[in-house]
$ cat data.cif   # mmCIF, C-alpha atoms, pLDDT in the B column; chains and numbers go by the auth columns
data_model
loop_
_atom_site.group_PDB
_atom_site.id
_atom_site.type_symbol
_atom_site.label_atom_id
_atom_site.label_comp_id
_atom_site.label_asym_id
_atom_site.label_seq_id
_atom_site.Cartn_x
_atom_site.Cartn_y
_atom_site.Cartn_z
_atom_site.B_iso_or_equiv
_atom_site.auth_seq_id
_atom_site.auth_asym_id
ATOM 1 C CA MET A 1 -30.486 -234.842 -15.449 60.00 1 B
ATOM 2 C CA ASP A 2 -32.288 -232.160 -13.440 66.00 2 B
ATOM 3 C CA ILE A 3 -36.018 -231.602 -13.066 68.00 3 B
ATOM 4 C CA LYS A 4 -36.064 -228.821 -15.687 71.00 4 B
ATOM 5 C CA ASP A 5 -34.539 -231.161 -18.299 75.00 5 B
ATOM 6 C CA ARG A 6 -36.981 -233.926 -17.413 75.00 6 B
ATOM 7 C CA ALA A 7 -39.891 -231.500 -17.605 76.00 7 B
ATOM 8 C CA GLU A 8 -38.773 -230.268 -21.053 79.00 8 B
ATOM 9 C CA ILE A 9 -38.429 -233.824 -22.385 81.00 9 B
ATOM 10 C CA THR A 10 -41.850 -234.705 -20.995 81.00 10 B
ATOM 11 C CA ALA A 11 -43.389 -231.540 -22.486 79.00 11 B
ATOM 12 C CA ARG A 12 -42.014 -232.438 -25.922 77.00 12 B
ATOM 13 C CA ALA A 13 -43.416 -235.948 -25.606 82.00 13 B
ATOM 14 C CA VAL A 14 -46.825 -234.614 -24.573 83.00 14 B
ATOM 15 C CA CYS A 15 -46.920 -232.203 -27.514 79.00 15 B
ATOM 16 C CA GLU A 16 -45.886 -234.962 -29.937 78.00 16 B
ATOM 17 C CA LEU A 17 -48.542 -237.237 -28.505 75.00 17 B
ATOM 18 C CA LEU A 18 -51.122 -234.556 -29.164 77.00 18 B
ATOM 19 C CA ASN A 19 -49.809 -234.318 -32.741 72.00 19 B
ATOM 20 C CA GLN A 20 -49.092 -230.650 -32.416 69.00 20 B
ATOM 21 C CA ARG A 21 -46.132 -228.718 -33.558 73.00 21 B
ATOM 22 C CA ALA A 22 -46.053 -226.785 -30.365 71.00 22 B
ATOM 23 C CA SER A 23 -44.693 -223.294 -30.352 78.00 23 B
ATOM 24 C CA LYS A 24 -41.837 -222.546 -28.008 79.00 24 B
ATOM 25 C CA LYS A 25 -44.275 -220.592 -25.823 83.00 25 B
ATOM 26 C CA LEU A 26 -46.645 -223.578 -25.533 80.00 26 B
ATOM 27 C CA ARG A 27 -43.756 -225.965 -24.817 77.00 27 B
ATOM 28 C CA ASN A 28 -42.523 -223.603 -22.099 81.00 28 B
ATOM 29 C CA GLN A 29 -45.991 -223.449 -20.552 83.00 29 B
ATOM 30 C CA VAL A 30 -46.275 -227.250 -20.565 81.00 30 B
ATOM 31 C CA THR A 31 -42.752 -227.496 -19.135 80.00 31 B
ATOM 32 C CA ASP A 32 -43.665 -225.120 -16.300 82.00 32 B
ATOM 33 C CA ILE A 33 -46.775 -227.160 -15.463 84.00 33 B
ATOM 34 C CA ILE A 34 -44.780 -230.390 -15.386 82.00 34 B
ATOM 35 C CA GLU A 35 -41.991 -228.795 -13.354 80.00 35 B
ATOM 36 C CA ASP A 36 -44.494 -227.493 -10.794 81.00 36 B
ATOM 37 C CA ALA A 37 -46.086 -230.949 -10.567 82.00 37 B
ATOM 38 C CA LEU A 38 -42.694 -232.538 -9.923 80.00 38 B
ATOM 39 C CA LEU A 39 -41.822 -229.959 -7.257 80.00 39 B
ATOM 40 C CA ASN A 40 -45.158 -230.488 -5.542 79.00 40 B
ATOM 41 C CA ALA A 41 -44.552 -234.240 -5.599 79.00 41 B
ATOM 42 C CA VAL A 42 -41.166 -233.749 -3.929 79.00 42 B
ATOM 43 C CA LEU A 43 -42.685 -231.530 -1.249 79.00 43 B
ATOM 44 C CA ASP A 44 -45.585 -233.911 -0.627 80.00 44 B
ATOM 45 C CA ASP A 45 -43.220 -236.865 -0.334 78.00 45 B
ATOM 46 C CA GLY A 46 -41.070 -234.970 2.142 77.00 46 B
ATOM 47 C CA GLU A 47 -44.069 -234.231 4.319 78.00 47 B
ATOM 48 C CA ARG A 48 -45.188 -237.855 4.153 80.00 48 B
ATOM 49 C CA TYR A 49 -41.704 -239.088 5.084 78.00 49 B
ATOM 50 C CA THR A 50 -41.568 -236.659 7.990 76.00 50 B
ATOM 51 C CA GLU A 51 -44.887 -237.964 9.309 77.00 51 B
ATOM 52 C CA LEU A 52 -43.673 -241.560 8.997 77.00 52 B
ATOM 53 C CA ILE A 53 -40.495 -240.735 10.895 75.00 53 B
ATOM 54 C CA MET A 54 -42.496 -239.142 13.683 73.00 54 B
ATOM 55 C CA GLN A 55 -44.730 -242.218 13.924 76.00 55 B
ATOM 56 C CA HIS A 56 -41.891 -244.741 13.971 74.00 56 B
ATOM 57 C CA CYS A 57 -39.524 -242.868 16.253 72.00 57 B
ATOM 58 C CA GLY A 58 -42.133 -242.295 18.937 67.00 58 B
ATOM 59 C CA ALA A 59 -39.847 -243.493 21.715 66.00 59 B
ATOM 60 C CA ASP A 60 -37.034 -241.208 20.591 74.00 60 B
ATOM 61 C CA ARG A 61 -38.723 -237.915 19.689 73.00 61 B
ATOM 62 C CA ASP A 62 -35.417 -236.040 19.669 77.00 62 B
ATOM 63 C CA LEU A 63 -34.072 -238.285 16.913 78.00 63 B
ATOM 64 C CA ALA A 64 -37.327 -237.937 14.974 75.00 64 B
ATOM 65 C CA TYR A 65 -37.160 -234.144 15.129 77.00 65 B
ATOM 66 C CA LYS A 66 -33.522 -234.138 14.016 81.00 66 B
ATOM 67 C CA ILE A 67 -34.312 -236.364 11.027 81.00 67 B
ATOM 68 C CA ALA A 68 -37.366 -234.273 10.140 78.00 68 B
ATOM 69 C CA GLU A 69 -35.297 -231.092 10.303 83.00 69 B
ATOM 70 C CA ASP A 70 -32.656 -232.645 8.010 84.00 70 B
ATOM 71 C CA ILE A 71 -35.410 -233.484 5.528 81.00 71 B
ATOM 72 C CA ARG A 72 -36.766 -229.928 5.661 81.00 72 B
ATOM 73 C CA ARG A 73 -33.286 -228.483 5.088 85.00 73 B
ATOM 74 C CA ALA A 74 -32.732 -230.781 2.112 82.00 74 B
ATOM 75 C CA GLN A 75 -36.114 -229.795 0.660 79.00 75 B
ATOM 76 C CA THR A 76 -35.346 -226.104 1.087 81.00 76 B
ATOM 77 C CA ALA A 77 -32.018 -226.538 -0.685 81.00 77 B
ATOM 78 C CA LEU A 78 -33.702 -228.490 -3.489 76.00 78 B
ATOM 79 C CA ILE A 79 -36.404 -225.860 -3.996 76.00 79 B
ATOM 80 C CA THR A 80 -33.803 -223.078 -3.952 77.00 80 B
ATOM 81 C CA ASN A 81 -31.671 -224.850 -6.539 73.00 81 B
ATOM 82 C CA LEU A 82 -34.634 -225.646 -8.770 69.00 82 B
ATOM 83 C CA SER A 83 -35.982 -222.115 -8.537 69.00 83 B
ATOM 84 C CA SER A 84 -32.624 -220.711 -9.592 69.00 84 B
ATOM 85 C CA MET A 85 -32.735 -222.834 -12.761 60.00 85 B
ATOM 86 C CA ARG A 86 -35.875 -221.103 -14.017 57.00 86 B
#
$ encode --input "data.cif" --output "C-alpha cells"
Amino acid sequence: MDIKDRAEITARAVCELLNQRASKKLRNQVTDIIEDALLNAVLDDGERYTELIMQHCGADRDLAYKIAEDIRRAQTALITNLSSMR
C-alpha cells in the first residue's frame, strides 16, 4: 500500500470520526494534508538518520558521506515516485 492509499484511508476515517459525509473535494483536501504530513515525516527522518550516521561514523567520514548520499538518493526517488502519483 502506498502513501496515497494510506492517506485516503486515513482521510475517510477522520471524516467518519467527525460524523460528516464529506464531499469528494473535502476528502481530497484532507488526503492532501495527510499525504504532505507523511512526506514531511519521511524527509525529517532522513535528515535525522543522516545526522546520526555522521555522528557515529566520525572516524570514517568517507563511509558516513557515502551512506548519507545513499539516503539522499533514496529520498529523492521516493519523493519523485510519490509526486508522480498525485
$ atom_distance --input "data.cif" --atom1 "CA of Gln29 in chain B" --atom2 "CA of Ala41 in chain B"
18.5 Å
$ closest_residue --input "data.cif" --among "B:Asp32, B:Glu51, B:Glu16, B:Glu8" --to "Ala64 in chain B" --atoms "all atoms listed in the file"
B:Glu51
$ closest_residue --input "data.cif" --among "B:Leu26, B:Ala7, B:Leu43, B:Leu17" --to "Ala77 in chain B" --atoms "all atoms listed in the file"
B:Leu43
$ resolve_selection --input "data.cif" --expression "the PyMOL selection byres ((chain B and resi 65-71) around 8)" --output "VMD selection string"
chain B and resid 46 50 53 to 54 61 to 64 72 to 75
$ closest_residue --input "data.cif" --among "B:Ile79, B:Thr10, B:Arg48, B:Asp60" --to "Asn28 in chain B" --atoms "only C-alpha atoms"
B:Thr10
$ atom_distance --input "data.cif" --atom1 "CA of Ser23 in chain B" --atom2 "CA of Ala37 in chain B"
21.3 Å
$ resolve_selection --input "data.cif" --expression "the PyMOL selection byres ((chain B and resi 31) around 12)" --output "PyMOL selection string"
chain B and resi 3-15+22+24-30+32-38+86
$ axis_aligned_box --input "data.cif" --around "range 2-13 of chain B" --padding-each-side "8 Å" --output "lines of an AutoDock Vina configuration file"
center_x = -37.9
center_y = -232.4
center_z = -19.5
size_x = 27.1
size_y = 23.1
size_z = 28.9
